[in-house]
$ cat entry-v9.txt   # compact mmCIF, C-alpha atoms
# COMPACT_ATOMS: atom_id res chain seq x y z
CA MET A 1 0.00 0.00 0.00
CA ASN A 2 2.89 2.35 0.84
CA GLU A 3 4.49 1.71 -2.55
CA GLN A 4 1.18 2.35 -4.32
CA ALA A 5 0.67 5.55 -2.37
CA SER A 6 4.17 6.67 -3.27
CA GLU A 7 3.55 6.03 -6.97
CA ALA A 8 0.27 7.92 -6.83
CA THR A 9 2.01 10.89 -5.16
CA GLU A 10 4.75 10.91 -7.80
CA GLU A 11 2.16 10.85 -10.57
CA ARG A 12 0.29 13.79 -9.03
CA LEU A 13 3.54 15.75 -8.73
CA ARG A 14 4.41 14.94 -12.33
CA ARG A 15 1.06 16.22 -13.58
CA TRP A 16 1.29 19.37 -11.47
CA ARG A 17 4.81 19.95 -12.75
CA LEU A 18 3.55 19.83 -16.35
CA VAL A 19 0.68 22.18 -15.52
CA LEU A 20 2.73 24.72 -13.55
CA GLY A 21 5.62 24.88 -15.95
CA GLY A 22 8.57 24.48 -13.64
CA ASP A 23 9.09 27.95 -12.17
CA ALA A 24 10.78 27.99 -8.80
CA ALA A 25 7.45 28.68 -7.15
CA ASP A 26 5.78 25.56 -8.45
CA GLY A 27 6.82 23.74 -5.27
CA THR A 28 6.72 20.23 -6.74
CA GLY A 29 10.44 19.47 -6.68
CA CYS A 30 9.76 17.17 -9.62
CA ARG A 31 12.29 16.90 -12.47
CA LEU A 32 11.03 15.76 -15.85
CA THR A 33 12.90 13.43 -18.19
CA GLY A 34 12.37 11.75 -21.56
CA ARG A 35 8.94 12.14 -23.13
CA ASP A 36 7.68 14.29 -20.23
CA ALA A 37 10.54 16.75 -20.74
CA ALA A 38 9.80 16.91 -24.44
CA MET A 39 6.10 17.57 -23.78
CA ASP A 40 7.05 20.30 -21.34
CA GLY A 41 9.31 21.85 -23.96
CA ALA A 42 6.48 21.96 -26.49
CA LEU A 43 4.18 23.58 -23.92
CA SER A 44 6.92 26.00 -22.88
CA SER A 45 7.34 27.30 -26.41
CA LEU A 46 3.70 28.34 -26.53
CA TYR A 47 2.56 29.06 -22.98
CA GLY A 48 5.74 30.35 -21.31
CA LYS A 49 6.10 33.85 -19.94
CA GLY A 50 7.86 35.16 -23.02
CA ASP A 51 10.27 37.32 -21.01
CA ARG A 52 13.29 35.03 -21.42
CA PRO A 53 15.12 33.88 -24.55
CA ASP A 54 14.02 30.48 -25.84
CA LYS A 55 16.99 28.59 -24.37
CA ALA A 56 15.31 26.63 -21.65
CA GLN A 57 16.58 23.13 -21.16
CA PRO A 58 14.06 20.30 -20.91
CA GLY A 59 12.69 20.05 -17.39
CA ARG A 60 13.72 23.57 -16.38
CA ASP A 61 11.85 26.89 -16.12
CA ARG A 62 9.41 27.49 -18.91
CA SER A 63 9.97 30.28 -21.48
CA ALA A 64 7.97 31.22 -24.55
CA GLY A 65 8.90 31.45 -28.18
CA LEU A 66 8.93 29.30 -31.31
CA GLY A 67 11.40 31.46 -33.15
CA ALA A 68 10.64 33.25 -36.38
CA SER A 69 11.66 30.53 -38.80
CA ALA A 70 9.34 28.07 -40.51
CA PRO A 71 11.62 25.06 -39.73
CA SER A 72 11.42 25.65 -35.97
CA VAL A 73 7.65 26.02 -36.12
CA ALA A 74 7.31 22.94 -38.33
CA ARG A 75 9.33 20.93 -35.82
CA TRP A 76 7.12 22.19 -33.02
CA LEU A 77 3.99 21.22 -34.96
CA GLY A 78 5.40 17.75 -35.43
CA ASP A 79 6.19 17.50 -31.72
CA ILE A 80 2.72 18.44 -30.51
CA ARG A 81 1.13 15.96 -32.94
CA THR A 82 3.36 13.29 -31.40
CA TYR A 83 2.58 14.08 -27.77
CA PHE A 84 -1.04 15.28 -27.76
CA PRO A 85 -4.39 14.08 -29.19
CA SER A 86 -5.82 15.79 -32.28
CA SER A 87 -8.37 17.88 -30.37
CA VAL A 88 -5.60 19.33 -28.16
CA VAL A 89 -3.32 19.89 -31.16
CA GLN A 90 -5.99 22.02 -32.81
CA ILE A 91 -6.35 24.18 -29.70
CA MET A 92 -2.58 24.63 -29.40
CA GLN A 93 -2.28 25.57 -33.08
CA ARG A 94 -5.05 28.16 -32.64
CA ASP A 95 -3.32 29.58 -29.57
CA ALA A 96 0.02 29.72 -31.39
CA ILE A 97 -1.52 31.73 -34.22
CA ASP A 98 -3.20 34.13 -31.77
CA ARG A 99 -0.46 34.47 -29.12
CA LEU A 100 2.69 34.32 -31.23
CA GLY A 101 1.54 35.87 -34.49
CA LEU A 102 2.29 32.90 -36.74
CA SER A 103 -0.34 33.69 -39.38
CA THR A 104 2.19 34.79 -41.99
CA LEU A 105 4.05 31.47 -41.73
CA LEU A 106 0.87 29.75 -42.95
CA LEU A 107 1.56 31.31 -46.33
CA GLU A 108 4.35 28.76 -46.80
CA PRO A 109 3.33 25.37 -48.33
CA GLU A 110 5.64 23.45 -45.99
CA MET A 111 3.85 24.88 -42.98
CA LEU A 112 0.38 24.04 -44.30
CA GLU A 113 1.42 20.44 -44.84
CA ALA A 114 2.48 20.21 -41.18
CA VAL A 115 -0.62 21.60 -39.48
CA GLU A 116 -3.68 19.75 -38.17
CA ALA A 117 -6.56 21.10 -40.26
CA ASP A 118 -9.79 22.26 -38.61
CA VAL A 119 -12.50 24.89 -39.04
CA HIS A 120 -10.49 27.59 -37.28
CA LEU A 121 -7.44 27.00 -39.45
CA VAL A 122 -9.66 27.30 -42.53
CA GLY A 123 -10.92 30.64 -41.22
CA THR A 124 -7.34 31.84 -40.78
CA LEU A 125 -6.42 30.75 -44.31
CA LEU A 126 -9.43 32.53 -45.76
CA SER A 127 -8.45 35.74 -43.98
CA LEU A 128 -4.99 35.41 -45.58
CA ASN A 129 -6.38 34.50 -48.99
CA LYS A 130 -5.59 37.80 -50.73
CA ALA A 131 -2.01 37.81 -49.43
CA MET A 132 -1.40 34.17 -50.31
CA PRO A 133 1.27 33.54 -52.97
CA GLU A 134 0.41 31.30 -55.92
CA THR A 135 2.84 28.64 -54.67
CA THR A 136 0.74 28.25 -51.52
CA LYS A 137 -2.80 28.42 -52.92
CA GLU A 138 -2.90 24.85 -54.19
CA THR A 139 -1.80 23.49 -50.82
CA ALA A 140 -4.26 25.80 -49.03
CA ARG A 141 -7.14 24.58 -51.19
CA ALA A 142 -6.20 20.98 -50.38
CA VAL A 143 -6.25 21.76 -46.64
CA VAL A 144 -9.61 23.52 -46.92
CA ARG A 145 -11.08 20.73 -49.05
CA LYS A 146 -10.13 18.10 -46.46
CA VAL A 147 -11.93 20.02 -43.71
CA VAL A 148 -14.97 20.66 -45.91
CA GLU A 149 -15.26 17.01 -46.95
CA ASP A 150 -15.03 15.89 -43.32
CA LEU A 151 -17.79 18.34 -42.37
CA GLU A 152 -20.00 17.17 -45.24
CA LYS A 153 -19.63 13.55 -44.14
CA ARG A 154 -20.60 14.54 -40.62
CA LEU A 155 -23.53 16.81 -41.46
CA ALA A 156 -25.02 15.99 -44.86
CA THR A 157 -26.98 12.78 -44.23
CA ARG A 158 -28.84 14.04 -41.16
CA THR A 159 -29.51 17.42 -42.76
CA ARG A 160 -31.08 15.88 -45.87
CA ALA A 161 -33.16 13.42 -43.83
CA THR A 162 -34.41 16.08 -41.40
CA LEU A 163 -35.32 18.57 -44.13
CA THR A 164 -36.90 15.96 -46.39
CA GLY A 165 -39.25 15.03 -43.54
CA ALA A 166 -40.03 18.69 -42.91
CA LEU A 167 -40.77 19.30 -46.59
CA ASP A 168 -43.10 16.29 -46.72
CA ARG A 169 -44.95 17.37 -43.59
CA SER A 170 -45.28 20.93 -44.85
CA ALA A 171 -46.92 19.57 -48.01
CA ARG A 172 -49.49 17.45 -46.15
CA ILE A 173 -53.05 17.89 -47.39
CA ASN A 174 -56.44 16.90 -45.95
CA ARG A 175 -58.03 15.70 -49.21
CA PRO A 176 -55.35 13.37 -50.53
CA ARG A 177 -55.63 10.93 -53.40
CA HIS A 178 -55.85 7.30 -52.28
CA ARG A 179 -52.20 6.63 -53.08
CA ASP A 180 -51.11 9.67 -51.04
CA ILE A 181 -52.98 8.85 -47.80
CA ASP A 182 -50.79 8.74 -44.70
CA TRP A 183 -52.62 5.83 -43.04
CA ASN A 184 -50.85 6.02 -39.68
CA ARG A 185 -51.75 9.67 -39.17
CA THR A 186 -55.23 9.18 -40.63
CA ILE A 187 -56.00 6.39 -38.13
CA ALA A 188 -54.57 8.42 -35.24
CA ALA A 189 -56.72 11.39 -36.22
CA ASN A 190 -59.89 9.26 -36.34
CA LEU A 191 -59.58 6.96 -33.31
CA LYS A 192 -62.64 8.60 -31.79
CA ASN A 193 -64.61 7.10 -34.67
CA TYR A 194 -63.70 3.50 -33.85
CA LEU A 195 -66.70 1.08 -34.21
CA PRO A 196 -66.15 -1.89 -31.88
CA GLU A 197 -68.85 -4.02 -33.51
CA TYR A 198 -67.08 -3.76 -36.85
CA ARG A 199 -63.60 -3.53 -35.36
CA THR A 200 -62.75 -0.66 -37.66
CA VAL A 201 -62.22 3.10 -37.75
CA VAL A 202 -64.46 5.33 -39.84
CA PRO A 203 -62.11 7.99 -41.29
CA GLU A 204 -64.01 11.25 -41.32
CA ARG A 205 -60.80 13.13 -42.09
CA LEU A 206 -58.05 11.84 -44.38
CA VAL A 207 -54.47 12.94 -43.78
CA GLY A 208 -51.92 12.60 -46.52
CA TYR A 209 -49.12 14.12 -48.50
CA GLY A 210 -49.21 15.95 -51.77
CA ARG A 211 -48.23 13.92 -54.83
CA ALA A 212 -44.51 13.42 -55.15
CA SER A 213 -43.03 16.20 -57.19
CA GLN A 214 -39.60 17.23 -58.37
CA SER A 215 -40.64 20.87 -58.32
CA VAL A 216 -39.19 23.34 -55.82
CA LYS A 217 -41.19 23.37 -52.58
CA LYS A 218 -39.16 25.91 -50.58
CA GLU A 219 -36.65 28.64 -51.23
CA VAL A 220 -33.81 29.26 -48.76
CA ILE A 221 -31.56 32.31 -48.73
CA LEU A 222 -28.45 32.13 -46.56
CA CYS A 223 -27.21 35.67 -45.88
CA ILE A 224 -23.78 35.48 -44.25
CA ASP A 225 -21.78 38.20 -42.53
CA GLN A 226 -18.13 37.75 -43.59
CA SER A 227 -16.59 40.08 -41.01
CA GLY A 228 -13.51 38.59 -39.36
CA SER A 229 -15.30 37.43 -36.21
CA MET A 230 -17.64 35.22 -38.26
CA ALA A 231 -14.97 32.95 -39.80
CA ALA A 232 -16.22 29.62 -38.40
CA SER A 233 -19.82 30.53 -39.27
CA VAL A 234 -18.82 31.22 -42.88
CA VAL A 235 -17.21 27.78 -43.13
CA TYR A 236 -20.21 25.91 -41.72
CA ALA A 237 -22.74 27.98 -43.68
CA SER A 238 -20.92 27.26 -46.94
CA VAL A 239 -21.03 23.53 -46.25
CA PHE A 240 -24.73 23.63 -45.35
CA GLY A 241 -25.39 25.77 -48.43
CA ALA A 242 -23.89 23.07 -50.63
CA VAL A 243 -25.95 20.37 -48.89
CA LEU A 244 -29.19 22.34 -49.30
CA ALA A 245 -28.37 23.09 -52.93
CA SER A 246 -28.07 19.35 -53.58
CA MET A 247 -31.76 18.88 -52.63
CA ARG A 248 -34.02 19.31 -55.67
CA SER A 249 -36.99 20.46 -53.65
CA ILE A 250 -35.08 23.39 -52.12
CA GLN A 251 -33.86 26.30 -54.16
CA THR A 252 -30.87 27.68 -52.30
CA ARG A 253 -29.19 31.05 -52.60
CA LEU A 254 -26.01 31.99 -50.73
CA VAL A 255 -25.12 35.64 -50.22
CA VAL A 256 -22.08 36.96 -48.34
CA PHE A 257 -21.55 40.54 -47.31
CA ASP A 258 -19.40 43.10 -45.56
CA THR A 259 -19.98 46.62 -46.83
CA ALA A 260 -20.53 45.05 -50.26
CA VAL A 261 -22.79 42.16 -51.23
CA VAL A 262 -21.66 39.12 -53.25
CA ASP A 263 -23.98 36.39 -54.52
CA LEU A 264 -22.10 33.06 -54.59
CA THR A 265 -25.07 30.89 -55.55
CA ASP A 266 -23.50 29.76 -58.82
CA GLN A 267 -20.59 28.24 -56.88
CA LEU A 268 -22.67 26.20 -54.44
CA ASP A 269 -21.81 22.91 -56.11
CA ASP A 270 -18.33 23.27 -54.58
CA PRO A 271 -18.18 24.82 -51.09
CA VAL A 272 -14.40 25.23 -51.43
CA ASP A 273 -15.00 27.65 -54.30
CA VAL A 274 -17.57 29.42 -52.14
CA LEU A 275 -15.09 29.81 -49.29
CA PHE A 276 -12.35 31.17 -51.52
CA GLY A 277 -14.92 33.58 -52.94
CA THR A 278 -15.34 35.18 -49.52
CA GLN A 279 -13.15 37.90 -48.08
CA LEU A 280 -13.09 37.80 -44.30
CA GLY A 281 -12.71 41.13 -42.54
CA GLY A 282 -13.90 44.64 -43.26
CA GLY A 283 -17.06 46.47 -42.27
CA THR A 284 -20.69 45.39 -42.15
CA ASP A 285 -23.81 46.62 -43.95
CA ILE A 286 -26.64 44.27 -43.03
CA ASN A 287 -29.26 46.58 -44.49
CA ARG A 288 -27.68 46.46 -47.95
CA ALA A 289 -27.40 42.67 -47.78
CA LEU A 290 -31.04 42.25 -46.77
CA ALA A 291 -32.12 44.65 -49.51
CA TYR A 292 -30.48 42.35 -52.04
CA CYS A 293 -32.02 39.23 -50.47
CA GLN A 294 -35.44 40.88 -50.46
CA SER A 295 -35.10 41.60 -54.18
CA GLN A 296 -34.55 37.88 -54.86
CA ILE A 297 -37.73 36.66 -53.12
CA THR A 298 -40.44 35.54 -55.55
CA ARG A 299 -42.58 33.31 -53.29
CA PRO A 300 -42.60 34.88 -49.81
CA ALA A 301 -44.84 32.25 -48.19
CA ASP A 302 -42.43 29.51 -49.30
CA THR A 303 -39.18 31.32 -48.48
CA VAL A 304 -36.84 31.05 -45.48
CA VAL A 305 -34.22 33.78 -45.02
CA VAL A 306 -31.37 32.94 -42.64
CA LEU A 307 -29.27 35.90 -41.52
CA ILE A 308 -26.00 34.78 -39.90
CA SER A 309 -24.40 37.80 -38.24
CA ASP A 310 -23.24 39.24 -34.91
CA LEU A 311 -25.52 42.19 -35.80
CA TYR A 312 -22.89 44.92 -35.51
CA GLU A 313 -24.54 47.02 -38.19
CA GLY A 314 -22.56 49.66 -40.06
CA GLY A 315 -25.45 50.57 -42.33
CA ILE A 316 -28.85 52.08 -41.64
CA ARG A 317 -30.32 50.39 -38.57
CA ASN A 318 -33.93 51.52 -38.98
CA GLU A 319 -33.99 50.50 -42.63
CA MET A 320 -32.62 47.07 -41.71
CA LEU A 321 -35.41 46.55 -39.21
CA LYS A 322 -38.04 47.79 -41.67
CA ARG A 323 -36.85 45.23 -44.23
CA VAL A 324 -37.09 42.39 -41.73
CA ALA A 325 -40.59 43.52 -40.73
CA ALA A 326 -41.66 43.76 -44.39
CA MET A 327 -40.34 40.29 -45.20
CA LYS A 328 -42.10 38.75 -42.23
CA ALA A 329 -45.34 40.55 -43.08
CA SER A 330 -45.20 39.09 -46.59
CA GLY A 331 -44.97 35.55 -45.21
CA VAL A 332 -41.20 35.00 -45.20
CA GLN A 333 -39.80 32.86 -42.37
CA PHE A 334 -36.89 34.90 -41.01
CA VAL A 335 -34.17 33.27 -38.88
CA THR A 336 -31.37 35.22 -37.18
CA LEU A 337 -28.29 33.28 -36.07
CA LEU A 338 -25.62 35.12 -34.07
CA ALA A 339 -23.22 32.32 -34.96
CA LEU A 340 -23.25 28.96 -36.71
CA SER A 341 -20.41 27.23 -34.90
CA ASP A 342 -19.48 25.08 -31.92
CA GLU A 343 -18.14 28.06 -29.97
CA GLY A 344 -21.32 29.23 -28.24
CA THR A 345 -22.76 32.74 -28.28
CA PRO A 346 -20.26 35.35 -29.50
CA ALA A 347 -20.11 39.05 -28.73
CA TYR A 348 -23.05 40.66 -30.54
CA ASP A 349 -25.10 43.86 -30.69
CA ARG A 350 -27.73 43.30 -28.01
CA GLU A 351 -29.79 46.32 -28.98
CA HIS A 352 -30.24 45.05 -32.53
CA ALA A 353 -30.92 41.52 -31.26
CA ALA A 354 -33.66 42.83 -28.96
CA ALA A 355 -35.19 44.84 -31.81
CA LEU A 356 -35.30 41.76 -34.04
CA ALA A 357 -36.85 39.72 -31.23
CA GLY A 358 -39.53 42.39 -31.00
CA LEU A 359 -40.31 41.72 -34.66
CA GLY A 360 -40.69 37.99 -33.98
CA ALA A 361 -37.21 37.09 -35.24
CA PRO A 362 -35.28 36.04 -32.09
CA ALA A 363 -31.50 35.98 -32.49
CA PHE A 364 -29.51 33.09 -31.03
CA ALA A 365 -26.33 31.13 -31.57
CA CYS A 366 -26.70 27.75 -33.24
CA THR A 367 -24.40 24.73 -33.35
CA PRO A 368 -23.98 22.84 -36.63
CA ASP A 369 -25.74 19.82 -35.11
CA LEU A 370 -28.80 21.93 -34.27
CA PHE A 371 -29.00 23.71 -37.63
CA PRO A 372 -31.04 21.00 -39.44
CA ASP A 373 -33.69 21.17 -36.70
CA VAL A 374 -33.81 24.96 -36.90
CA MET A 375 -34.30 24.79 -40.67
CA ALA A 376 -36.95 22.07 -40.35
CA ALA A 377 -38.92 24.20 -37.89
CA ALA A 378 -38.68 27.22 -40.20
CA ILE A 379 -39.86 25.17 -43.20
CA GLU A 380 -42.84 23.84 -41.24
CA LYS A 381 -43.48 27.29 -39.71
CA ARG A 382 -43.13 25.93 -36.19
CA PRO A 383 -41.47 27.71 -33.22
CA LEU A 384 -37.70 27.54 -33.57
CA PRO A 385 -35.81 25.19 -31.23
CA ILE A 386 -33.84 27.93 -29.47
CA PRO A 387 -31.13 26.20 -27.39
CA ASP A 388 -31.07 28.52 -24.36
CA LYS A 389 -34.11 30.69 -23.97
CA GLU A 390 -32.68 32.45 -20.94
CA THR A 391 -29.79 34.02 -22.86
CA HIS A 392 -31.12 34.54 -26.37
CA GLN A 393 -32.66 37.80 -27.45

$ encode --input "entry-v9.txt" --output "structure tokens"
Amino acid sequence: MNEQASEATEERLRRWRLVLGGDAADGTGCRLTGRDAAMDGALSSLYGKGDRPDKAQPGRDRSAGLGASAPSVARWLGDIRTYFPSSVVQIMQRDAIDRLGLSTLLLEPEMLEAVEADVHLVGTLLSLNKAMPETTKETARAVVRKVVEDLEKRLATRTRATLTGALDRSARINRPRHRDIDWNRTIAANLKNYLPEYRTVVPERLVGYGRASQSVKKEVILCIDQSGSMAASVVYASVFGAVLASMRSIQTRLVVFDTAVVDLTDQLDDPVDVLFGTQLGGGTDINRALAYCQSQITRPADTVVVLISDLYEGGIRNEMLKRVAAMKASGVQFVTLLALSDEGTPAYDREHAAALAGLGAPAFACTPDLFPDVMAAAIEKRPLPIPDKETHQ
């Protein structure tokens, strides 16, 4: 028991030593060797104090710095992929870009081949798109395509299934042809008319679906804020746009905006083209973007407009609100998402969010996994499944 207790104590000290970083005040008295020392070195390069040169020996006081050269960063990227799981690697890469200003090194093909690709890396690459040399663009597109394809595999099947069901339910009619009767729902609706002596139900009201049709049933307009803070939302929205565009019964339009408005609908067959057609950063003019979307609506009662924005409006606020009110009055289903990402609710303009809520268009953050349910509710004109009603506006 004493030996086991001693081993447990040593393990706790080891873990604390890795967490605390080895300054004299850490109090553990634990010296790291081998793999532990190498892990500590990788952590030191990113999370050290940054007030000492990067000459720390493994197992000694932690100091920050990866150096300015691509080879040293590439080695560090290789190290963290060796010592940490993929989810942790992605966080450390993101922190390295933010804390140590490594964005410009991503313009080198060798660096892009070394990184662990995720949504946030794609956002960074898109923000660097205009500065990216031709020698790097092919590698960057390959990195972005890998992330996009992974997201499509994760999201496409459930999205299509959820929205197909919503489209069918929205087309249900009460005087169906015999072949279109939904017998389960018809029986459920007429149970009060059960005749025990005949052991049957007399269906006073038939419930069914409209005849199968390849025609467009709904129109969806995705209106996406491409300001720098919306990078992850742009990535997810582009993937969902491509999935929706692949459904014959939904006519999908994708519009991105800052102070200008760009319609990327003709590129929806390839979300990578859509992403490289965006330009992250710059100002915001929601009113101008909604004016364009409003001009594209031909069947208001069958249209869903999804505005994805943190609502920091640089245009004309009152005009923006008037447009939303006019669209809703015409029958448009209007959805406002503060973010479409896994990050939770971002910073946003609360005054504008409250004004939209007053118009019946509550603004809330939405995860990619929830998005199909939000769209299904909008298509069926049901209340939206808002994830946290205490914090949304």

$ closest_residue --input "entry-v9.txt" --among "A:Met230, A:Val304, A:Cys223, A:Ala326" --to "Gln251 (chain A)" --atoms "only C-alpha atoms"
A:Val304

$ atom_distance --input "entry-v9.txt" --atom1 "CA of Asp270 (chain A)" --atom2 "CA of Thr135 (chain A)"
21.8 Å

$ atom_distance --input "entry-v9.txt" --atom1 "CA of Lys137 (chain A)" --atom2 "CA of Ala245 (chain A)"
26.1 Å

$ atom_distance --input "entry-v9.txt" --atom1 "CA of Met92 (chain A)" --atom2 "CA of Ala117 (chain A)"
12.1 Å

$ residues_around --input "entry-v9.txt" --residues "Thr104 (chain A)" --least-positions-apart "6" --cutoff "10 Å" --atoms "all atoms listed in the file" --output "PyMOL selection string"
chain A and resi 70+97+125+128+131-132

$ closest_residue --input "entry-v9.txt" --among "A:Thr252, A:Gln333, A:Ser238, A:Ser229" --to "Thr284 (chain A)" --atoms "all atoms listed in the file"
A:Ser229

$ residues_around --input "entry-v9.txt" --residues "Lys130 (chain A)" --least-positions-apart "2" --cutoff "12 Å" --atoms "only C-alpha atoms" --output "list in words"
Leu107, Thr124, Leu125, Leu126, Ser127, Leu128, Met132, Pro133, Glu134, Thr136, Lys137, Phe276, Gly277, Thr278, Gln279, Leu280 and Gly281 of chain A

$ closest_residue --input "entry-v9.txt" --among "A:Leu105, A:Ile250, A:Ala166, A:Val272" --to "Glu149 (chain A)" --atoms "only C-alpha atoms"
A:Val272

$ closest_residue --input "entry-v9.txt" --among "A:Thr9, A:Ser87, A:Thr259, A:Gln93" --to "Tyr312 (chain A)" --atoms "all atoms listed in the file"
A:Thr259

$ residues_around --input "entry-v9.txt" --residues "region 341-358 of chain A" --least-positions-apart "4" --cutoff "9 Å" --atoms "only C-alpha atoms" --output "list in words"
Ser229, Ala232, Ser233, Val235, Tyr236, Ser309, Asp310, Leu311, Tyr312, Glu313, Arg317, Leu321, Val324, Ala325, Thr336, Pro362, Ala363, Phe364, Ala365, Cys366, Thr367, Pro368, Asp369, Thr391, His392 and Gln393 of chain A

$ residues_around --input "entry-v9.txt" --residues "Thr186 (chain A)" --least-positions-apart "4" --cutoff "9 Å" --atoms "only C-alpha atoms" --output "number ranges by chain"
A: 181-182, 190-191, 203, 205-208

$ closest_residue --input "entry-v9.txt" --among "A:Val234, A:Leu46, A:Leu222, A:Val89" --to "Val306 (chain A)" --atoms "all atoms listed in the file"
A:Leu222

$ decode --input "entry-v9.txt" --residues "region 333-368 of chain A" --atoms "C-alpha atoms" --output "tab-separated table (two decimals), in the first residue's frame"
chain	number	residue	atom	x	y	z
A	333	GLN	CA	-39.80	32.86	-42.37
A	334	PHE	CA	-36.89	34.90	-41.01
A	335	VAL	CA	-34.17	33.27	-38.88
A	336	THR	CA	-31.37	35.22	-37.18
A	337	LEU	CA	-28.29	33.28	-36.07
A	338	LEU	CA	-25.62	35.12	-34.07
A	339	ALA	CA	-23.22	32.32	-34.96
A	340	LEU	CA	-23.25	28.96	-36.71
A	341	SER	CA	-20.41	27.23	-34.90
A	342	ASP	CA	-19.48	25.08	-31.92
A	343	GLU	CA	-18.14	28.06	-29.97
A	344	GLY	CA	-21.32	29.23	-28.24
A	345	THR	CA	-22.76	32.74	-28.28
A	346	PRO	CA	-20.26	35.35	-29.50
A	347	ALA	CA	-20.11	39.05	-28.73
A	348	TYR	CA	-23.05	40.66	-30.54
A	349	ASP	CA	-25.10	43.86	-30.69
A	350	ARG	CA	-27.73	43.30	-28.01
A	351	GLU	CA	-29.79	46.32	-28.98
A	352	HIS	CA	-30.24	45.05	-32.53
A	353	ALA	CA	-30.92	41.52	-31.26
A	354	ALA	CA	-33.66	42.83	-28.96
A	355	ALA	CA	-35.19	44.84	-31.81
A	356	LEU	CA	-35.30	41.76	-34.04
A	357	ALA	CA	-36.85	39.72	-31.23
A	358	GLY	CA	-39.53	42.39	-31.00
A	359	LEU	CA	-40.31	41.72	-34.66
A	360	GLY	CA	-40.69	37.99	-33.98
A	361	ALA	CA	-37.21	37.09	-35.24
A	362	PRO	CA	-35.28	36.04	-32.09
A	363	ALA	CA	-31.50	35.98	-32.49
A	364	PHE	CA	-29.51	33.09	-31.03
A	365	ALA	CA	-26.33	31.13	-31.57
A	366	CYS	CA	-26.70	27.75	-33.24
A	367	THR	CA	-24.40	24.73	-33.35
A	368	PRO	CA	-23.98	22.84	-36.63
